[in-house]
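Trainee: What follows is data03.txt, compact mmCIF, N, CA and C atoms and all ligand atoms.
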```
# COMPACT_ATOMS: atom_id res chain seq x y z
N MET A 1 24.33 37.50 15.45
CA MET A 1 25.29 36.46 15.80
C MET A 1 25.14 35.27 14.85
N LEU A 2 26.26 34.84 14.29
CA LEU A 2 26.25 33.64 13.44
C LEU A 2 26.80 32.48 14.26
N ARG A 3 26.14 31.32 14.15
CA ARG A 3 26.59 30.16 14.91
C ARG A 3 26.81 28.98 13.98
N GLY A 4 27.81 28.16 14.33
CA GLY A 4 28.07 26.99 13.51
C GLY A 4 28.96 26.02 14.24
N GLY A 5 29.40 25.00 13.51
CA GLY A 5 30.27 24.00 14.10
C GLY A 5 30.49 22.87 13.11
N CYS A 6 31.14 21.83 13.64
CA CYS A 6 31.47 20.70 12.77
C CYS A 6 30.31 19.72 12.71
N PHE A 7 30.47 18.71 11.90
CA PHE A 7 29.41 17.71 11.70
C PHE A 7 29.07 16.96 12.99
N CYS A 8 30.09 16.55 13.76
CA CYS A 8 29.81 15.72 14.93
C CYS A 8 29.38 16.53 16.14
N GLY A 9 29.60 17.86 16.11
CA GLY A 9 29.16 18.71 17.20
C GLY A 9 30.21 18.98 18.27
N ASP A 10 31.39 18.35 18.17
CA ASP A 10 32.43 18.61 19.17
C ASP A 10 32.93 20.05 19.10
N ILE A 11 32.98 20.60 17.90
CA ILE A 11 33.46 21.98 17.73
C ILE A 11 32.26 22.89 17.47
N ARG A 12 32.15 23.93 18.27
CA ARG A 12 31.11 24.94 18.06
C ARG A 12 31.76 26.32 18.08
N TYR A 13 31.29 27.21 17.21
CA TYR A 13 31.81 28.58 17.19
C TYR A 13 30.66 29.54 17.04
N GLU A 14 30.94 30.80 17.35
CA GLU A 14 30.00 31.87 17.04
C GLU A 14 30.80 33.10 16.65
N THR A 15 30.17 33.95 15.89
CA THR A 15 30.85 35.16 15.47
C THR A 15 29.85 36.29 15.33
N GLY A 16 30.24 37.44 15.88
CA GLY A 16 29.42 38.63 15.70
C GLY A 16 29.89 39.38 14.47
N GLY A 17 29.51 40.62 14.38
CA GLY A 17 29.94 41.44 13.25
C GLY A 17 29.26 41.03 11.96
N THR A 18 29.58 41.74 10.93
CA THR A 18 29.02 41.47 9.61
C THR A 18 30.10 40.88 8.73
N PRO A 19 29.88 39.70 8.17
CA PRO A 19 30.88 39.16 7.24
C PRO A 19 31.16 40.17 6.14
N PHE A 20 32.45 40.41 5.85
CA PHE A 20 32.77 41.43 4.86
C PHE A 20 33.19 40.84 3.52
N TYR A 21 33.21 39.53 3.42
CA TYR A 21 33.51 38.93 2.12
C TYR A 21 32.96 37.52 2.12
N ARG A 22 32.43 37.10 0.95
CA ARG A 22 31.88 35.75 0.84
C ARG A 22 32.23 35.23 -0.55
N THR A 23 32.92 34.11 -0.61
CA THR A 23 33.36 33.64 -1.92
C THR A 23 33.33 32.12 -2.03
N ASN A 24 33.23 31.64 -3.24
CA ASN A 24 33.44 30.23 -3.54
C ASN A 24 34.86 30.09 -4.04
N CYS A 25 35.70 29.37 -3.31
CA CYS A 25 37.11 29.24 -3.70
C CYS A 25 37.33 27.92 -4.44
N HIS A 26 37.96 28.06 -5.62
CA HIS A 26 38.21 26.90 -6.47
C HIS A 26 39.67 26.47 -6.43
N CYS A 27 40.45 26.96 -5.44
CA CYS A 27 41.87 26.62 -5.44
C CYS A 27 42.06 25.13 -5.10
N SER A 28 43.21 24.62 -5.52
CA SER A 28 43.46 23.18 -5.37
C SER A 28 43.62 22.78 -3.90
N ILE A 29 44.01 23.73 -3.04
CA ILE A 29 44.21 23.37 -1.63
C ILE A 29 42.86 23.25 -0.93
N CYS A 30 41.95 24.17 -1.20
CA CYS A 30 40.60 24.03 -0.64
C CYS A 30 39.98 22.72 -1.11
N ARG A 31 40.21 22.43 -2.36
CA ARG A 31 39.61 21.22 -2.95
C ARG A 31 40.13 19.97 -2.24
N ARG A 32 41.43 19.88 -2.09
CA ARG A 32 42.02 18.67 -1.51
C ARG A 32 41.72 18.53 -0.02
N THR A 33 41.73 19.65 0.70
CA THR A 33 41.52 19.57 2.15
C THR A 33 40.07 19.25 2.49
N THR A 34 39.15 19.47 1.57
CA THR A 34 37.74 19.18 1.84
C THR A 34 37.23 17.97 1.07
N GLY A 35 37.90 17.65 -0.03
CA GLY A 35 37.37 16.61 -0.90
C GLY A 35 36.18 17.08 -1.71
N ALA A 36 36.00 18.39 -1.81
CA ALA A 36 34.87 18.97 -2.55
C ALA A 36 35.39 19.74 -3.76
N PRO A 37 34.58 19.92 -4.79
CA PRO A 37 35.05 20.60 -6.00
C PRO A 37 35.34 22.08 -5.81
N PHE A 38 34.69 22.74 -4.86
CA PHE A 38 35.06 24.10 -4.45
C PHE A 38 34.44 24.34 -3.08
N VAL A 39 34.87 25.42 -2.43
CA VAL A 39 34.47 25.64 -1.03
C VAL A 39 33.98 27.07 -0.83
N ALA A 40 32.82 27.21 -0.20
CA ALA A 40 32.28 28.53 0.13
C ALA A 40 32.84 28.99 1.48
N TRP A 41 33.31 30.24 1.50
CA TRP A 41 33.89 30.85 2.71
C TRP A 41 33.23 32.19 2.99
N PHE A 42 33.17 32.57 4.26
CA PHE A 42 32.88 33.96 4.60
C PHE A 42 33.98 34.47 5.52
N SER A 43 34.18 35.78 5.50
CA SER A 43 35.27 36.40 6.25
C SER A 43 34.73 37.34 7.31
N VAL A 44 35.30 37.23 8.51
CA VAL A 44 34.97 38.15 9.60
C VAL A 44 36.27 38.56 10.29
N ARG A 45 36.16 39.53 11.19
CA ARG A 45 37.34 39.92 11.97
C ARG A 45 37.66 38.82 12.99
N ARG A 46 38.95 38.54 13.15
CA ARG A 46 39.34 37.49 14.12
C ARG A 46 38.85 37.82 15.51
N SER A 47 38.83 39.09 15.84
CA SER A 47 38.42 39.49 17.19
C SER A 47 36.94 39.18 17.44
N GLU A 48 36.18 38.96 16.39
CA GLU A 48 34.75 38.69 16.56
C GLU A 48 34.42 37.20 16.50
N PHE A 49 35.42 36.39 16.15
CA PHE A 49 35.22 34.95 16.04
C PHE A 49 35.59 34.28 17.35
N ARG A 50 34.74 33.39 17.83
CA ARG A 50 34.98 32.77 19.13
C ARG A 50 34.61 31.29 19.08
N LEU A 51 35.56 30.44 19.52
CA LEU A 51 35.22 29.03 19.72
C LEU A 51 34.48 28.90 21.02
N VAL A 52 33.36 28.21 21.02
CA VAL A 52 32.59 28.06 22.26
C VAL A 52 32.59 26.62 22.76
N HIS A 53 33.06 25.66 21.93
CA HIS A 53 33.16 24.28 22.41
C HIS A 53 34.18 23.53 21.56
N GLY A 54 35.06 22.78 22.23
CA GLY A 54 35.98 21.92 21.50
C GLY A 54 37.22 22.64 21.03
N ALA A 55 38.17 21.86 20.53
CA ALA A 55 39.45 22.39 20.09
C ALA A 55 39.80 21.82 18.71
N PRO A 56 39.69 22.64 17.69
CA PRO A 56 40.05 22.17 16.35
C PRO A 56 41.54 21.85 16.25
N THR A 57 41.89 20.98 15.34
CA THR A 57 43.29 20.75 14.97
C THR A 57 43.67 21.77 13.91
N ARG A 58 44.86 22.36 14.06
CA ARG A 58 45.33 23.36 13.10
C ARG A 58 46.52 22.80 12.33
N PHE A 59 46.64 23.19 11.08
CA PHE A 59 47.81 22.79 10.30
C PHE A 59 48.12 23.86 9.27
N GLY A 60 49.39 23.97 8.90
CA GLY A 60 49.80 24.93 7.90
C GLY A 60 49.62 24.33 6.51
N SER A 61 48.73 24.94 5.73
CA SER A 61 48.51 24.42 4.37
C SER A 61 49.49 25.04 3.38
N THR A 62 50.04 26.20 3.73
CA THR A 62 51.18 26.81 3.04
C THR A 62 51.98 27.48 4.16
N PRO A 63 53.18 27.99 3.87
CA PRO A 63 53.98 28.57 4.97
C PRO A 63 53.27 29.68 5.74
N LYS A 64 52.39 30.45 5.09
CA LYS A 64 51.76 31.58 5.77
C LYS A 64 50.31 31.34 6.15
N CYS A 65 49.79 30.17 5.85
CA CYS A 65 48.35 29.96 6.03
C CYS A 65 48.06 28.77 6.95
N MET A 66 47.15 28.99 7.88
CA MET A 66 46.72 27.94 8.81
C MET A 66 45.26 27.59 8.55
N ARG A 67 44.98 26.31 8.54
CA ARG A 67 43.60 25.85 8.44
C ARG A 67 43.27 25.06 9.70
N SER A 68 42.00 24.95 10.01
CA SER A 68 41.60 24.15 11.16
C SER A 68 40.45 23.24 10.79
N PHE A 69 40.37 22.12 11.52
CA PHE A 69 39.31 21.16 11.27
C PHE A 69 39.01 20.39 12.55
N CYS A 70 37.86 19.76 12.60
CA CYS A 70 37.52 18.93 13.75
C CYS A 70 38.33 17.63 13.71
N PRO A 71 39.09 17.33 14.77
CA PRO A 71 39.90 16.11 14.76
C PRO A 71 39.07 14.83 14.84
N ARG A 72 37.80 14.96 15.18
CA ARG A 72 36.96 13.76 15.29
C ARG A 72 36.23 13.46 13.98
N CYS A 73 35.59 14.47 13.40
CA CYS A 73 34.79 14.19 12.20
C CYS A 73 35.38 14.76 10.92
N GLY A 74 36.40 15.62 11.04
CA GLY A 74 37.11 16.09 9.86
C GLY A 74 36.55 17.33 9.19
N THR A 75 35.47 17.88 9.70
CA THR A 75 34.91 19.09 9.07
C THR A 75 35.94 20.22 9.04
N GLN A 76 36.18 20.78 7.87
CA GLN A 76 37.06 21.94 7.74
C GLN A 76 36.33 23.17 8.25
N LEU A 77 37.03 23.98 9.05
CA LEU A 77 36.36 25.09 9.73
C LEU A 77 36.89 26.46 9.37
N THR A 78 38.19 26.68 9.49
CA THR A 78 38.70 28.05 9.32
C THR A 78 39.98 28.09 8.49
N PHE A 79 40.26 29.30 8.03
CA PHE A 79 41.47 29.61 7.26
C PHE A 79 41.98 30.96 7.75
N GLU A 80 43.29 31.01 8.07
CA GLU A 80 43.90 32.27 8.47
C GLU A 80 45.20 32.46 7.72
N ASN A 81 45.40 33.70 7.23
CA ASN A 81 46.58 34.04 6.45
C ASN A 81 47.38 35.08 7.23
N ASP A 82 48.68 34.82 7.44
CA ASP A 82 49.53 35.78 8.16
C ASP A 82 49.49 37.17 7.54
N GLU A 83 49.22 37.23 6.25
CA GLU A 83 49.23 38.54 5.58
C GLU A 83 47.90 39.27 5.73
N ALA A 84 46.93 38.65 6.37
CA ALA A 84 45.65 39.32 6.65
C ALA A 84 45.33 39.04 8.12
N ALA A 85 46.14 39.65 8.98
CA ALA A 85 46.17 39.26 10.40
C ALA A 85 44.86 39.54 11.14
N GLU A 86 44.03 40.43 10.63
CA GLU A 86 42.79 40.75 11.35
C GLU A 86 41.62 39.92 10.86
N GLU A 87 41.87 39.06 9.89
CA GLU A 87 40.77 38.36 9.23
C GLU A 87 40.81 36.86 9.52
N ILE A 88 39.64 36.26 9.64
CA ILE A 88 39.54 34.81 9.64
C ILE A 88 38.44 34.42 8.66
N ASP A 89 38.72 33.42 7.88
CA ASP A 89 37.73 32.91 6.93
C ASP A 89 37.14 31.63 7.51
N VAL A 90 35.84 31.48 7.36
CA VAL A 90 35.13 30.36 7.95
C VAL A 90 34.34 29.66 6.85
N THR A 91 34.30 28.34 6.88
CA THR A 91 33.55 27.62 5.85
C THR A 91 32.05 27.90 6.02
N THR A 92 31.46 28.44 4.96
CA THR A 92 30.05 28.83 5.03
C THR A 92 29.16 27.66 5.40
N CYS A 93 29.49 26.47 4.91
CA CYS A 93 28.60 25.33 5.14
C CYS A 93 28.82 24.66 6.49
N SER A 94 29.72 25.23 7.34
CA SER A 94 29.75 24.80 8.74
C SER A 94 28.79 25.62 9.59
N LEU A 95 28.17 26.64 8.98
CA LEU A 95 27.15 27.41 9.71
C LEU A 95 25.91 26.56 9.93
N ASP A 96 25.20 26.87 11.00
CA ASP A 96 23.91 26.19 11.22
C ASP A 96 22.93 26.57 10.12
N ASP A 97 23.07 27.78 9.58
CA ASP A 97 22.18 28.23 8.51
C ASP A 97 22.98 28.84 7.37
N PRO A 98 23.62 28.00 6.58
CA PRO A 98 24.45 28.54 5.49
C PRO A 98 23.63 29.29 4.44
N GLY A 99 22.35 29.06 4.41
CA GLY A 99 21.51 29.73 3.41
C GLY A 99 21.47 31.23 3.56
N GLN A 100 21.84 31.73 4.73
CA GLN A 100 21.77 33.18 4.95
C GLN A 100 23.00 33.91 4.43
N LEU A 101 24.05 33.19 4.02
CA LEU A 101 25.27 33.85 3.56
C LEU A 101 25.70 33.36 2.18
N PRO A 102 24.95 33.68 1.16
CA PRO A 102 25.35 33.24 -0.18
C PRO A 102 26.67 33.88 -0.61
N SER A 103 27.48 33.13 -1.32
CA SER A 103 28.72 33.70 -1.84
C SER A 103 28.41 34.78 -2.86
N GLU A 104 29.34 35.75 -2.95
CA GLU A 104 29.12 36.87 -3.87
C GLU A 104 30.04 36.82 -5.09
N ASP A 105 30.98 35.90 -5.10
CA ASP A 105 31.79 35.71 -6.30
C ASP A 105 32.49 34.35 -6.24
N HIS A 106 33.29 34.09 -7.27
CA HIS A 106 34.13 32.89 -7.33
C HIS A 106 35.58 33.35 -7.41
N THR A 107 36.46 32.72 -6.62
CA THR A 107 37.88 33.05 -6.68
C THR A 107 38.69 31.81 -7.08
N HIS A 108 39.91 32.09 -7.55
CA HIS A 108 40.82 31.04 -8.03
C HIS A 108 40.16 30.17 -9.11
N THR A 109 39.38 30.82 -9.97
CA THR A 109 38.75 30.03 -11.03
C THR A 109 39.77 29.56 -12.07
N GLY A 110 41.00 30.10 -11.98
CA GLY A 110 42.05 29.57 -12.84
C GLY A 110 42.35 28.10 -12.54
N SER A 111 41.94 27.68 -11.33
CA SER A 111 42.12 26.28 -10.93
C SER A 111 40.82 25.48 -10.98
N ARG A 112 39.76 26.11 -11.47
CA ARG A 112 38.45 25.45 -11.49
C ARG A 112 38.50 24.14 -12.28
N LEU A 113 37.83 23.14 -11.76
CA LEU A 113 37.72 21.87 -12.47
C LEU A 113 36.90 22.07 -13.74
N GLU A 114 37.36 21.47 -14.79
CA GLU A 114 36.69 21.63 -16.08
C GLU A 114 35.21 21.22 -16.01
N TRP A 115 34.89 20.21 -15.19
CA TRP A 115 33.50 19.74 -15.15
C TRP A 115 32.62 20.54 -14.20
N VAL A 116 33.19 21.53 -13.53
CA VAL A 116 32.36 22.44 -12.74
C VAL A 116 31.92 23.58 -13.64
N LYS A 117 30.63 23.63 -13.95
CA LYS A 117 30.10 24.65 -14.86
C LYS A 117 29.35 25.70 -14.04
N LEU A 118 29.87 26.90 -14.05
CA LEU A 118 29.26 27.97 -13.26
C LEU A 118 28.19 28.67 -14.09
N ALA A 119 27.02 28.82 -13.50
CA ALA A 119 25.92 29.46 -14.22
C ALA A 119 25.14 30.38 -13.29
N ASP A 120 25.78 30.83 -12.20
CA ASP A 120 25.06 31.68 -11.25
C ASP A 120 25.22 33.16 -11.54
N GLY A 121 26.03 33.50 -12.56
CA GLY A 121 26.19 34.90 -12.94
C GLY A 121 27.07 35.72 -12.01
N LEU A 122 27.67 35.10 -11.01
CA LEU A 122 28.53 35.84 -10.09
C LEU A 122 29.87 36.14 -10.74
N PRO A 123 30.54 37.23 -10.31
CA PRO A 123 31.87 37.55 -10.84
C PRO A 123 32.84 36.40 -10.60
N GLU A 124 33.75 36.23 -11.54
CA GLU A 124 34.77 35.18 -11.43
C GLU A 124 36.15 35.83 -11.45
N HIS A 125 36.99 35.42 -10.52
CA HIS A 125 38.35 35.95 -10.45
C HIS A 125 39.31 34.78 -10.60
N ARG A 126 40.23 34.90 -11.54
CA ARG A 126 41.12 33.76 -11.83
C ARG A 126 42.02 33.42 -10.64
N GLU A 127 42.35 34.44 -9.84
CA GLU A 127 43.22 34.18 -8.70
C GLU A 127 42.49 34.53 -7.41
N ALA A 128 43.13 35.30 -6.54
CA ALA A 128 42.50 35.62 -5.26
C ALA A 128 41.45 36.70 -5.43
N ARG A 129 40.91 37.14 -4.33
CA ARG A 129 39.90 38.19 -4.38
C ARG A 129 40.49 39.47 -4.99
N PRO A 130 39.67 40.29 -5.58
CA PRO A 130 40.18 41.54 -6.16
C PRO A 130 40.76 42.44 -5.08
N ALA A 131 41.66 43.33 -5.52
CA ALA A 131 42.40 44.17 -4.57
C ALA A 131 41.50 44.99 -3.67
N ALA A 132 40.36 45.37 -4.15
CA ALA A 132 39.46 46.20 -3.36
C ALA A 132 39.05 45.51 -2.06
N TRP A 133 39.16 44.17 -2.05
CA TRP A 133 38.76 43.44 -0.86
C TRP A 133 39.92 43.17 0.08
N SER A 134 41.14 43.44 -0.36
CA SER A 134 42.30 43.10 0.48
C SER A 134 42.23 43.82 1.81
N SER A 135 42.56 43.12 2.85
CA SER A 135 42.48 43.76 4.17
C SER A 135 43.89 44.13 4.62
ZN ZN B 1 33.41 17.14 14.56
ZN ZN B 2 40.96 28.09 -1.67
```
Show me, as structure tokens, the structure contained in the file I just sent.
Ligand SMILES: [Zn+2]
Ligand SMILES: [Zn+2]

Mentor:
Amino acid sequence: MLRGGCFCGDIRYETGGTPFYRTNCHCSICRRTTGAPFVAWFSVRRSEFRLVHGAPTRFGSTPKCMRSFCPRCGTQLTFENDEAAEEIDVTTCSLDDPGQLPSEDHTHTGSRLEWVKLADGLPEHREARPAAWSS
């Protein structure tokens, strides 16, 4: 069981199952919605993700994509895409122990900030995740 939540503690979640994808996303929307140069995400089945305390605010960041965050402290929590209906992506650093889920690649590096220098040797994808990962 993975457990996490927002900074202030109003929102708490847990998820079973094994995350099937972990990435650092460099897209401009992740960047702007978090104020960070890139964002680490992990993906699990929506059926295995459960809110256990609080109610995040949801908003459409594009016509097909919903993001959620804590309305009190602003921590970004989840991402859902209508085209991947069984999947929910969760911000790795909202976990109580983000160290246990290192990202396995970088996505949307076509939007990477010039001053972000990657030296971790992980695969880089200019756009979204490779097709083999599509759900
Ligand atoms: Zn909060
Ligand atoms: Zn992104």

Trainee: Extract, using only N, CA and C atoms, all DNA, RNA and protein residues at most 8 Å from A:Asn24, discarding same-chain residues fewer than 2 positions from it, and format them as a PDB file with N, CA and C atoms, in the coordinates of the input.

Mentor:
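Once everything was written out, this is selection.pdb:
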```
ATOM      1  N   TYR A  21      33.210  39.530   3.420  1.00  0.00           N
ATOM      2  CA  TYR A  21      33.510  38.930   2.120  1.00  0.00           C
ATOM      3  C   TYR A  21      32.960  37.520   2.120  1.00  0.00           C
ATOM      4  N   ARG A  22      32.430  37.100   0.950  1.00  0.00           N
ATOM      5  CA  ARG A  22      31.880  35.750   0.840  1.00  0.00           C
ATOM      6  C   ARG A  22      32.230  35.230  -0.550  1.00  0.00           C
ATOM      7  N   HIS A  26      37.960  28.060  -5.620  1.00  0.00           N
ATOM      8  CA  HIS A  26      38.210  26.900  -6.470  1.00  0.00           C
ATOM      9  C   HIS A  26      39.670  26.470  -6.430  1.00  0.00           C
ATOM     10  N   CYS A  27      40.450  26.960  -5.440  1.00  0.00           N
ATOM     11  CA  CYS A  27      41.870  26.620  -5.440  1.00  0.00           C
ATOM     12  C   CYS A  27      42.060  25.130  -5.100  1.00  0.00           C
ATOM     13  N   PHE A  38      34.690  22.740  -4.860  1.00  0.00           N
ATOM     14  CA  PHE A  38      35.060  24.100  -4.450  1.00  0.00           C
ATOM     15  C   PHE A  38      34.440  24.340  -3.080  1.00  0.00           C
ATOM     16  N   VAL A  39      34.870  25.420  -2.430  1.00  0.00           N
ATOM     17  CA  VAL A  39      34.470  25.640  -1.030  1.00  0.00           C
ATOM     18  C   VAL A  39      33.980  27.070  -0.830  1.00  0.00           C
ATOM     19  N   ALA A  40      32.820  27.210  -0.200  1.00  0.00           N
ATOM     20  CA  ALA A  40      32.280  28.530   0.130  1.00  0.00           C
ATOM     21  C   ALA A  40      32.840  28.990   1.480  1.00  0.00           C
ATOM     22  N   TRP A  41      33.310  30.240   1.500  1.00  0.00           N
ATOM     23  CA  TRP A  41      33.890  30.850   2.710  1.00  0.00           C
ATOM     24  C   TRP A  41      33.230  32.190   2.990  1.00  0.00           C
ATOM     25  N   PHE A  42      33.170  32.570   4.260  1.00  0.00           N
ATOM     26  CA  PHE A  42      32.880  33.960   4.600  1.00  0.00           C
ATOM     27  C   PHE A  42      33.980  34.470   5.520  1.00  0.00           C
ATOM     28  N   PRO A 102      24.950  33.680   1.160  1.00  0.00           N
ATOM     29  CA  PRO A 102      25.350  33.240  -0.180  1.00  0.00           C
ATOM     30  C   PRO A 102      26.670  33.880  -0.610  1.00  0.00           C
ATOM     31  N   SER A 103      27.480  33.130  -1.320  1.00  0.00           N
ATOM     32  CA  SER A 103      28.720  33.700  -1.840  1.00  0.00           C
ATOM     33  C   SER A 103      28.410  34.780  -2.860  1.00  0.00           C
ATOM     34  N   GLU A 104      29.340  35.750  -2.950  1.00  0.00           N
ATOM     35  CA  GLU A 104      29.120  36.870  -3.870  1.00  0.00           C
ATOM     36  C   GLU A 104      30.040  36.820  -5.090  1.00  0.00           C
ATOM     37  N   ASP A 105      30.980  35.900  -5.100  1.00  0.00           N
ATOM     38  CA  ASP A 105      31.790  35.710  -6.300  1.00  0.00           C
ATOM     39  C   ASP A 105      32.490  34.350  -6.240  1.00  0.00           C
ATOM     40  N   HIS A 106      33.290  34.090  -7.270  1.00  0.00           N
ATOM     41  CA  HIS A 106      34.130  32.890  -7.330  1.00  0.00           C
ATOM     42  C   HIS A 106      35.580  33.350  -7.410  1.00  0.00           C
ATOM     43  N   THR A 107      36.460  32.720  -6.620  1.00  0.00           N
ATOM     44  CA  THR A 107      37.880  33.050  -6.680  1.00  0.00           C
ATOM     45  C   THR A 107      38.690  31.810  -7.080  1.00  0.00           C
ATOM     46  N   HIS A 108      39.910  32.090  -7.550  1.00  0.00           N
ATOM     47  CA  HIS A 108      40.820  31.040  -8.030  1.00  0.00           C
ATOM     48  C   HIS A 108      40.160  30.170  -9.110  1.00  0.00           C
ATOM     49  N   THR A 109      39.380  30.820  -9.970  1.00  0.00           N
ATOM     50  CA  THR A 109      38.750  30.030 -11.030  1.00  0.00           C
ATOM     51  C   THR A 109      39.770  29.560 -12.070  1.00  0.00           C
TER      52      THR A 109
END
```

Trainee: Could you write out, as a list in words, all the residues of stretch 61-107 of chain A that DSSP marks as strand (DSSP E)?

Mentor: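 Answer for stretch 61-107 of chain A restricted to strand (DSSP E) is Ser61, Thr62, Cys65, Met66, Arg67, Ser68, Phe69, Gln76, Leu77, Thr78, Phe79, Glu80, Asn81, Glu87, Ile88, Asp89, Val90, Thr91, Asp105, His106 and Thr107 of chain A.
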
Trainee: Do you know which residues are within 7 Å of ligand ZN 1 (chain B) using only C-alpha atoms and all ligand atoms? Can you write them as number ranges by chain?

Mentor: A: 6-11, 70-75

Trainee: Once you have the residues from the selection above, write them out as an mmCIF file, in the coordinates of the input, restricted to N, CA and C atoms.

Mentor:
```cif
data_model
loop_
_atom_site.group_PDB
_atom_site.id
_atom_site.type_symbol
_atom_site.label_atom_id
_atom_site.label_comp_id
_atom_site.auth_asym_id
_atom_site.auth_seq_id
_atom_site.Cartn_x
_atom_site.Cartn_y
_atom_site.Cartn_z
ATOM 1 N N CYS A 6 31.140 21.830 13.640
ATOM 2 C CA CYS A 6 31.470 20.700 12.770
ATOM 3 C C CYS A 6 30.310 19.720 12.710
ATOM 4 N N PHE A 7 30.470 18.710 11.900
ATOM 5 C CA PHE A 7 29.410 17.710 11.700
ATOM 6 C C PHE A 7 29.070 16.960 12.990
ATOM 7 N N CYS A 8 30.090 16.550 13.760
ATOM 8 C CA CYS A 8 29.810 15.720 14.930
ATOM 9 C C CYS A 8 29.380 16.530 16.140
ATOM 10 N N GLY A 9 29.600 17.860 16.110
ATOM 11 C CA GLY A 9 29.160 18.710 17.200
ATOM 12 C C GLY A 9 30.210 18.980 18.270
ATOM 13 N N ASP A 10 31.390 18.350 18.170
ATOM 14 C CA ASP A 10 32.430 18.610 19.170
ATOM 15 C C ASP A 10 32.930 20.050 19.100
ATOM 16 N N ILE A 11 32.980 20.600 17.900
ATOM 17 C CA ILE A 11 33.460 21.980 17.730
ATOM 18 C C ILE A 11 32.260 22.890 17.470
ATOM 19 N N CYS A 70 37.860 19.760 12.600
ATOM 20 C CA CYS A 70 37.520 18.930 13.750
ATOM 21 C C CYS A 70 38.330 17.630 13.710
ATOM 22 N N PRO A 71 39.090 17.330 14.770
ATOM 23 C CA PRO A 71 39.900 16.110 14.760
ATOM 24 C C PRO A 71 39.070 14.830 14.840
ATOM 25 N N ARG A 72 37.800 14.960 15.180
ATOM 26 C CA ARG A 72 36.960 13.760 15.290
ATOM 27 C C ARG A 72 36.230 13.460 13.980
ATOM 28 N N CYS A 73 35.590 14.470 13.400
ATOM 29 C CA CYS A 73 34.790 14.190 12.200
ATOM 30 C C CYS A 73 35.380 14.760 10.920
ATOM 31 N N GLY A 74 36.400 15.620 11.040
ATOM 32 C CA GLY A 74 37.110 16.090 9.860
ATOM 33 C C GLY A 74 36.550 17.330 9.190
ATOM 34 N N THR A 75 35.470 17.880 9.700
ATOM 35 C CA THR A 75 34.910 19.090 9.070
ATOM 36 C C THR A 75 35.940 20.220 9.040
#
```

Trainee: Enumerate as a ChimeraX atom specification the residues within 6 Å of ligand ZN 2 (chain B), counting all atoms listed in the file.

Mentor: /A:25-31

Trainee: For A:Phe59, work out the shell of residues within 6.5 Å, counting only N, CA and C atoms and skipping chain neighbours fewer than 3 positions away, then give it as a VMD selection string.

Mentor: chain A and resid 62 65 to 69

Trainee: Which distance in Å separates atom C of A:Gly16 and atom CA of A:Ala36, to one decimal?

Mentor: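 Atom-to-atom, atom C of A:Gly16 and atom CA of A:Ala36 are spaced 27.0 Å apart.
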
Trainee: I'd like the contact shell of A:Lys64 - 7 Å cut-off, all atoms listed in the file, skipping same-chain residues fewer than 3 positions apart - returned as a PyMOL selection string.

Mentor: chain A and resi 60-61+80-83
